[in-house]
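Next up, structure-v5.txt (compact mmCIF, C-alpha atoms):
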# COMPACT_ATOMS: atom_id res chain seq x y z
CA MET A 1 -18.89 -1.57 -3.26
CA LYS A 2 -16.97 -2.08 -6.50
CA ASN A 3 -15.72 1.52 -6.30
CA ALA A 4 -14.65 1.01 -2.69
CA ILE A 5 -12.56 -2.00 -3.72
CA LYS A 6 -10.97 -0.04 -6.56
CA ILE A 7 -10.26 2.82 -4.18
CA LEU A 8 -8.72 0.39 -1.69
CA SER A 9 -6.48 -1.10 -4.38
CA LEU A 10 -5.37 2.35 -5.49
CA LEU A 11 -4.79 3.49 -1.91
CA THR A 12 -2.71 0.42 -1.25
CA LEU A 13 -0.40 1.40 -4.07
CA VAL A 14 -0.36 5.16 -3.57
CA LEU A 15 -0.01 4.97 0.19
CA PHE A 16 2.78 2.45 -0.08
CA ALA A 17 5.55 3.70 2.14
CA ALA A 18 7.16 3.03 5.49
CA CYS A 19 10.36 2.55 7.47
CA LYS A 20 11.62 1.41 10.91
CA LYS A 21 15.09 0.89 12.29
CA ASP A 22 16.42 -2.66 12.18
CA GLU A 23 19.10 -2.38 14.90
CA SER A 24 21.07 0.65 13.77
CA THR A 25 20.27 4.14 12.61
CA LYS A 26 19.47 4.25 8.91
CA SER A 27 19.87 7.17 6.57
CA SER A 28 18.36 8.21 3.28
CA SER A 29 21.23 6.58 1.40
CA ASP A 30 20.26 3.16 2.85
CA ILE A 31 16.98 3.18 0.93
CA GLU A 32 18.46 4.34 -2.36
CA GLY A 33 18.50 1.86 -5.21
CA THR A 34 16.14 -0.45 -7.05
CA TRP A 35 13.88 -2.73 -5.01
CA LYS A 36 11.74 -5.58 -6.37
CA LEU A 37 8.40 -6.36 -4.72
CA THR A 38 8.35 -9.99 -3.52
CA PHE A 39 5.45 -10.07 -1.04
CA MET A 40 2.29 -8.18 -0.10
CA SER A 41 -0.36 -9.12 2.44
CA CYS A 42 -3.12 -7.78 4.66
CA ASP A 43 -4.86 -9.87 7.32
CA ASP A 44 -6.91 -7.27 9.20
CA GLY A 45 -8.89 -5.28 6.63
CA GLN A 46 -12.20 -3.69 7.61
CA ILE A 47 -14.59 -1.76 5.39
CA THR A 48 -17.77 0.11 6.29
CA THR A 49 -20.03 1.65 3.66
CA GLU A 50 -23.11 3.83 4.01
CA ALA A 51 -25.24 4.80 1.03
CA GLY A 52 -28.83 5.96 0.93
CA GLY A 53 -29.28 5.33 4.63
CA ILE A 54 -28.18 1.70 4.30
CA ALA A 55 -25.01 0.65 6.09
CA SER A 56 -22.95 -2.44 5.44
CA SER A 57 -19.67 -3.63 6.86
CA GLY A 58 -17.19 -6.33 6.15
CA THR A 59 -13.71 -7.67 6.46
CA PHE A 60 -11.05 -8.49 3.94
CA THR A 61 -7.68 -10.09 3.52
CA ALA A 62 -5.32 -9.47 0.63
CA SER A 63 -2.23 -11.06 -0.83
CA GLY A 64 -0.17 -10.63 -3.95
CA LYS A 65 1.03 -12.86 -6.75
CA ASP A 66 2.70 -12.61 -10.16
CA TYR A 67 5.20 -10.05 -8.84
CA ASN A 68 6.96 -8.08 -11.55
CA ALA A 69 7.19 -4.65 -9.92
CA THR A 70 10.16 -2.50 -8.95
CA VAL A 71 10.72 0.91 -7.40
CA ASN A 72 13.93 2.94 -7.71
CA PHE A 73 14.61 5.43 -4.91
CA LYS A 74 17.11 8.01 -6.19
CA ALA A 75 19.60 10.16 -4.25
CA ASP A 76 17.81 13.36 -5.36
CA GLY A 77 14.63 12.44 -3.42
CA THR A 78 12.64 11.19 -6.40
CA PHE A 79 11.46 7.69 -7.19
CA THR A 80 10.29 5.85 -10.26
CA SER A 81 8.49 2.56 -10.45
CA SER A 82 7.51 0.10 -13.10
CA GLY A 83 5.90 -3.27 -13.49
CA SER A 84 2.87 -4.88 -11.98
CA TYR A 85 1.53 -7.55 -9.67
CA THR A 86 -1.87 -9.11 -9.00
CA GLN A 87 -3.72 -8.36 -5.77
CA VAL A 88 -5.96 -11.18 -4.54
CA MET A 89 -8.61 -9.91 -2.12
CA SER A 90 -11.06 -12.06 -0.16
CA LEU A 91 -13.95 -9.89 0.94
CA THR A 92 -16.82 -10.77 3.29
CA VAL A 93 -19.63 -8.20 3.48
CA ASP A 94 -22.85 -8.84 5.38
CA GLY A 95 -22.26 -12.59 5.18
CA PHE A 96 -21.50 -12.72 1.46
CA GLU A 97 -18.01 -13.80 0.40
CA GLN A 98 -16.20 -12.86 -2.76
CA THR A 99 -12.63 -13.21 -3.99
CA LEU A 100 -11.33 -10.68 -6.47
CA GLU A 101 -8.09 -10.68 -8.45
CA THR A 102 -7.02 -7.21 -9.51
CA PRO A 103 -3.98 -6.72 -11.73
CA THR A 104 -2.10 -3.55 -10.86
CA SER A 105 0.09 -1.56 -13.19
CA ASP A 106 2.40 1.38 -12.66
CA PHE A 107 3.16 -0.10 -9.22
CA LEU A 108 3.71 3.18 -7.30
CA GLU A 109 3.88 5.52 -10.26
CA ASN A 110 6.54 8.24 -9.93
CA GLY A 111 7.04 10.93 -7.33
CA THR A 112 9.17 12.20 -4.49
CA TYR A 113 10.13 10.69 -1.15
CA THR A 114 11.72 11.45 2.18
CA PHE A 115 13.27 8.93 4.53
CA ASP A 116 14.31 9.81 8.08
CA GLY A 117 15.68 6.41 9.04
CA THR A 118 12.32 5.27 10.41
CA THR A 119 9.56 6.68 8.24
CA LEU A 120 9.37 6.66 4.46
CA THR A 121 6.97 9.21 3.02
CA THR A 122 6.07 9.19 -0.66
CA THR A 123 4.23 11.88 -2.60
CA VAL A 124 2.55 11.21 -5.94
CA ASP A 125 0.47 13.88 -7.68
CA GLY A 126 0.22 15.91 -4.48
CA GLU A 127 -0.99 12.99 -2.31
CA SER A 128 1.33 11.77 0.42
CA GLY A 129 1.45 8.54 2.34
CA SER A 130 3.87 7.11 4.85
CA GLY A 131 4.64 3.99 6.75
CA GLU A 132 7.09 2.23 8.97
CA VAL A 133 10.03 0.17 7.76
CA THR A 134 10.32 -2.88 9.96
CA VAL A 135 13.42 -4.33 8.24
CA LEU A 136 16.07 -2.54 6.20
CA THR A 137 19.27 -4.37 5.35
CA ASP A 138 21.59 -4.25 2.36
CA THR A 139 19.28 -6.71 0.57
CA ASN A 140 15.84 -6.59 2.22
CA LEU A 141 13.21 -3.94 2.84
CA GLU A 142 10.02 -4.73 4.78
CA MET A 143 7.37 -2.10 5.29
CA GLU A 144 4.13 -1.77 7.24
CA VAL A 145 1.54 0.61 5.82
CA LYS A 146 -1.55 1.42 7.90
CA ILE A 147 -4.63 2.76 6.15
CA ASP A 148 -7.49 4.54 7.92
CA LYS A 149 -9.34 6.46 5.25
CA THR A 150 -12.88 7.66 4.68
CA ASP A 151 -14.07 8.51 1.17
CA ASP A 152 -17.18 10.58 0.56
CA PHE A 153 -19.23 9.77 -2.53
CA GLY A 154 -20.45 13.27 -3.29
CA GLY A 155 -23.06 13.35 -0.55
CA GLN A 156 -24.46 10.00 -1.70
CA GLY A 157 -22.66 8.01 0.98
CA SER A 158 -19.25 7.16 2.27
CA SER A 159 -16.84 4.29 2.74
CA THR A 160 -14.26 3.82 5.50
CA THR A 161 -11.34 1.45 5.07
CA LYS A 162 -8.95 0.36 7.84
CA ALA A 163 -6.12 -2.08 7.22
CA THR A 164 -2.45 -2.85 7.70
CA PHE A 165 -0.50 -3.92 4.62
CA ILE A 166 2.90 -5.62 4.74
CA TYR A 167 5.26 -5.23 1.79
CA LYS A 168 8.56 -7.05 1.31
CA MET A 169 11.19 -6.17 -1.30
CA GLU A 170 14.61 -7.36 -2.36
CA LYS A 171 17.35 -5.03 -3.56
CA GLN A 172 18.28 -5.55 -7.19
Can you turn what I pasted into structure tokens?
Amino acid sequence: MKNAIKILSLLTLVLFAACKKDESTKSSSDIEGTWKLTFMSCDDGQITTEAGGIASSGTFTASGKDYNATVNFKADGTFTSSGSYTQVMSLTVDGFEQTLETPTSDFLENGTYTFDGTTLTTTVDGESGSGEVTVLTDTNLEMEVKIDKTDDFGGQGSSTTKATFIYKMEKQ
């Protein structure tokens, strides 16, 4: 279970991405610049794990605090990020509740991106993720990232995570 939570935290960061029109057509140049993370939440998380013939399932919510993370989308299609924040996750599995605080570093790491005015896709170390931008103005960027991922533990079991994360950023 601990590995599943670590994987979820990593996926949340790596799969960060998304874009949707906010009343007019947006272009790649609208996303360029440095954005500071100001909000992160998830209210609908579900996790199912099977190992050794034993299945368990649970739900989770997540929020962020101690925001000190930025991402810089450059005109050449690359991005860099720096800083950190703390993810607070409340997990309920088979009736047991636990709250975990996980500091994150290297926010999104560094990679490439594409933005078509609706969808932002990021690629880091060969792994891509995308999402929908729900707000994009001169000063605000809000993104919705949906995760539906199954991880196999080398034939020893698997874990499936489904969730929708909301990220809000302010242009610097």
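We find atom CA of A:Thr102 and atom CA of A:Glu127 to be spaced 22.3 Å apart.
For the residues A:Asp148, A:Phe60, A:Val93, A:Lys168, ranking by smallest atom-to-atom distance to A:Thr134 using only C-alpha atoms places A:Lys168 first.
One distance worth recording is that between atom CA of A:Thr119 and atom CA of A:Glu132, which is 5.1 Å.
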May I have a table of the residues of stretch 49-81 of chain A lying at most 6 Å from stretch 108-114 of chain A, giving each one's closest pair of atoms and their distance in Å to one decimal, counting only C-alpha atoms, ordered by chain and ascending residue number, as CSV?
residue,atom,partner,partner_atom,distance
A:Gly77,CA,A:Tyr113,CA,5.3
A:Thr78,CA,A:Thr112,CA,4.1
A:Phe79,CA,A:Gly111,CA,5.5
A:Thr80,CA,A:Asn110,CA,4.5
A:Ser81,CA,A:Glu109,CA,5.5
Output C-alpha atoms for every residue in the selection just made, as a PDB file, in the frame of the given file.
ATOM      1  CA  GLY A  77      14.630  12.440  -3.420  1.00  0.00           C
ATOM      2  CA  THR A  78      12.640  11.190  -6.400  1.00  0.00           C
ATOM      3  CA  PHE A  79      11.460   7.690  -7.190  1.00  0.00           C
ATOM      4  CA  THR A  80      10.290   5.850 -10.260  1.00  0.00           C
ATOM      5  CA  SER A  81       8.490   2.560 -10.450  1.00  0.00           C
TER       6      SER A  81
END
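Closest approach to A:Thr121 among A:Leu136, A:Gln87, A:Ser28, A:Ser158: A:Ser28, based on only C-alpha atoms.
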_Env of A:Lys149: 8 Å cut, atoms = only C-alpha atoms, seq-sep filter 5 positions within chain, self excluded. Answer as JSON, numbers by chain._
{"A": [160, 161, 162]}
*Using all atoms listed in the file, which of A:Thr34, A:Thr59, A:Gln172, A:Gln156 sits nearest A:Gln46?*
A:Thr59
*Excluding A:Thr92 and residues on its chain fewer than 4 positions from it, collect all residues at most 9 Å away from it, counting only C-alpha atoms, and give them as a PyMOL selection string.*
chain A and resi 57-60+96-99
Using the selection just defined, write its residues with C-alpha atoms as a short mmCIF file (atom, residue, chain, number, x, y, z; two decimals), keeping the file's coordinate frame.
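Result file follows (again.cif):
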data_model
loop_
_atom_site.label_atom_id
_atom_site.label_comp_id
_atom_site.auth_asym_id
_atom_site.auth_seq_id
_atom_site.Cartn_x
_atom_site.Cartn_y
_atom_site.Cartn_z
CA SER A 57 -19.67 -3.63 6.86
CA GLY A 58 -17.19 -6.33 6.15
CA THR A 59 -13.71 -7.67 6.46
CA PHE A 60 -11.05 -8.49 3.94
CA PHE A 96 -21.50 -12.72 1.46
CA GLU A 97 -18.01 -13.80 0.40
CA GLN A 98 -16.20 -12.86 -2.76
CA THR A 99 -12.63 -13.21 -3.99
#
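For the set A:Asp116, A:Asp30, A:Met169, A:Gly154, the residue with the smallest atom-to-atom gap to A:Leu141 is A:Met169, counting only C-alpha atoms.
The interatomic distance for the pair atom CA of A:Tyr85 and atom CA of A:Gly33 works out to 19.9 Å.
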*Could you tell me which of A:Val71, A:Val88, A:Val135, A:Ala62 comes closest to A:Ala163 if we count all atoms listed in the file?*
A:Ala62
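Minimum atom-to-atom distances from A:Gly131, A:Gly83, A:Gly126, A:Gly45 to A:Ser105 were compared using only C-alpha atoms, and the lowest value belongs to A:Gly83.
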Applying 6 Å and all atoms listed in the file, which residues near A:Thr49 remain after dropping the ones on its own chain fewer than 3 positions away? List them as a PDB file with C-alpha atoms, keeping the file's coordinate frame.
ATOM      1  CA  ALA A  55     -25.010   0.650   6.090  1.00  0.00           C
ATOM      2  CA  SER A  56     -22.950  -2.440   5.440  1.00  0.00           C
ATOM      3  CA  SER A 158     -19.250   7.160   2.270  1.00  0.00           C
ATOM      4  CA  SER A 159     -16.840   4.290   2.740  1.00  0.00           C
TER       5      SER A 159
END
*Would you be able to write out as an NGL selection string which residues have an atom within 7 Å of (12.9, 5.6, -0.3) in the file's coordinates, counting all atoms listed in the file?*
:A and (31-32 or 73 or 113-115 or 120)
